[in-house]
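Participant: Okay, here's the structure, questions in a sec.
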Amino acid sequence: MRIGFAPNIEDIVQIFNAGKLGNIQLSQKGYISTDQFLRTSIPNIYAAGDVANPRDPCVATAVAQGAIAARSIQEDL
Ligand SMILES: Cc1cc2nc3c(=O)[nH]c(=O)nc-3n(C[C@H](O)[C@H](O)[C@H](O)COP(=O)(O)OP(=O)(O)OC[C@H]3O[C@@H](n4cnc5c(N)ncnc54)[C@H](O)[C@@H]3O)c2cc1C
């Protein structure tokens, strides 16, 4: 059983606000919202791993999402 976890994103949101990069869109549960290729609502900002609310939050998922985000960065930039 896995209970009581919440995404640790307060600092990230503050950094984006301070940098005037725009508001990063969050899900109702407070995770960073992304599209299927891990793009956030802010152009050229990507989210992977536990903060992006994977269905299966584990090391394998976080690493795989890192690879997906890297591919998106390659395509976008
Ligand atoms: C008790 C426990 C047991 C687990 N057991 C397993 C297991 O057996 N197998 C498994 O696959 N998964 C396990 N998990 C889940 C796994 O740890 C996570 O899914 C995985 O680590 C997610 O990787 P991540 O890179 O998204 O996040 P994290 O590994 O949490 O990495 C995020 C990093 O960002 C850093 N950070 C946060 N805020 C800031 C900031 N403002 N500035 C700079 N750095 C910052 C943190 O210090 C951390 O190093 C377990 C989790 C917990 C809590």
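The way I read the labels, and the way they are meant: chains A, B, ... in the order of the structure tokens, residue 1 as the first residue of every chain, and ligand 1 as the first ligand shown, with later ones counted on from there.
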Report as a Markdown table the residues of chain A within 10 Å of ligand 1, each with its shortest atom pair and distance in Å (one decimal), using only C-alpha atoms and all ligand atoms, ordered by chain and increasing residue number.

Facilitator:
```
| residue | atom | partner | partner_atom_place_in_ligand_line | distance |
| --- | --- | --- | --- | --- |
| A:Arg2 | CA | ligand 1 | 52 (C) | 8.7 |
| A:Ile3 | CA | ligand 1 | 53 (C) | 10.0 |
| A:Phe5 | CA | ligand 1 | 53 (C) | 7.9 |
| A:Pro7 | CA | ligand 1 | 30 (O) | 9.1 |
| A:Asn8 | CA | ligand 1 | 38 (N) | 6.4 |
| A:Ile9 | CA | ligand 1 | 38 (N) | 6.9 |
| A:Glu10 | CA | ligand 1 | 41 (N) | 7.8 |
| A:Asp11 | CA | ligand 1 | 41 (N) | 4.8 |
| A:Ile12 | CA | ligand 1 | 41 (N) | 5.9 |
| A:Val13 | CA | ligand 1 | 41 (N) | 9.3 |
| A:Gln14 | CA | ligand 1 | 41 (N) | 9.1 |
| A:Ile15 | CA | ligand 1 | 41 (N) | 8.3 |
| A:Ala47 | CA | ligand 1 | 26 (O) | 8.8 |
| A:Ala48 | CA | ligand 1 | 26 (O) | 6.1 |
| A:Gly49 | CA | ligand 1 | 26 (O) | 3.2 |
| A:Asp50 | CA | ligand 1 | 26 (O) | 3.9 |
| A:Val51 | CA | ligand 1 | 26 (O) | 6.1 |
| A:Ala52 | CA | ligand 1 | 26 (O) | 7.8 |
| A:Asn53 | CA | ligand 1 | 26 (O) | 9.0 |
| A:Pro54 | CA | ligand 1 | 19 (O) | 8.6 |
| A:Asp56 | CA | ligand 1 | 19 (O) | 7.7 |
| A:Pro57 | CA | ligand 1 | 19 (O) | 4.2 |
| A:Cys58 | CA | ligand 1 | 19 (O) | 3.2 |
| A:Val59 | CA | ligand 1 | 11 (O) | 3.8 |
| A:Ala60 | CA | ligand 1 | 11 (O) | 5.7 |
| A:Thr61 | CA | ligand 1 | 19 (O) | 7.1 |
| A:Ala62 | CA | ligand 1 | 23 (O) | 4.9 |
| A:Val63 | CA | ligand 1 | 25 (O) | 7.3 |
| A:Gln65 | CA | ligand 1 | 26 (O) | 8.7 |
| A:Gly66 | CA | ligand 1 | 25 (O) | 8.4 |
```

Participant: Applying 9 Å and only C-alpha atoms, which residues near Tyr46 (chain A) remain after dropping the ones on its own chain fewer than 3 positions away? List them as number ranges by chain.

Facilitator: A: 34, 37-43, 69-70, 72-73

Participant: When DSSP works through the backbone of this structure, what residues of chain A end up as helix (DSSP H, G or I), shown as number ranges by chain?

Facilitator: A: 10-18, 49-52, 59-76

Participant: What is the CA of Ala67 (chain A) to CA of Gln25 (chain A) distance in Å?

Facilitator: 21.8 Å

Participant: Between CA of Arg71 (chain A) and CA of Phe16 (chain A), what is the spacing in Å?

Facilitator: 22.7 Å

Participant: Using only C-alpha atoms, find the one residue out of A:Arg55, A:Ala6, A:Asn44, A:Gln36 that sits nearest to Ile24 (chain A).

Facilitator: A:Asn44
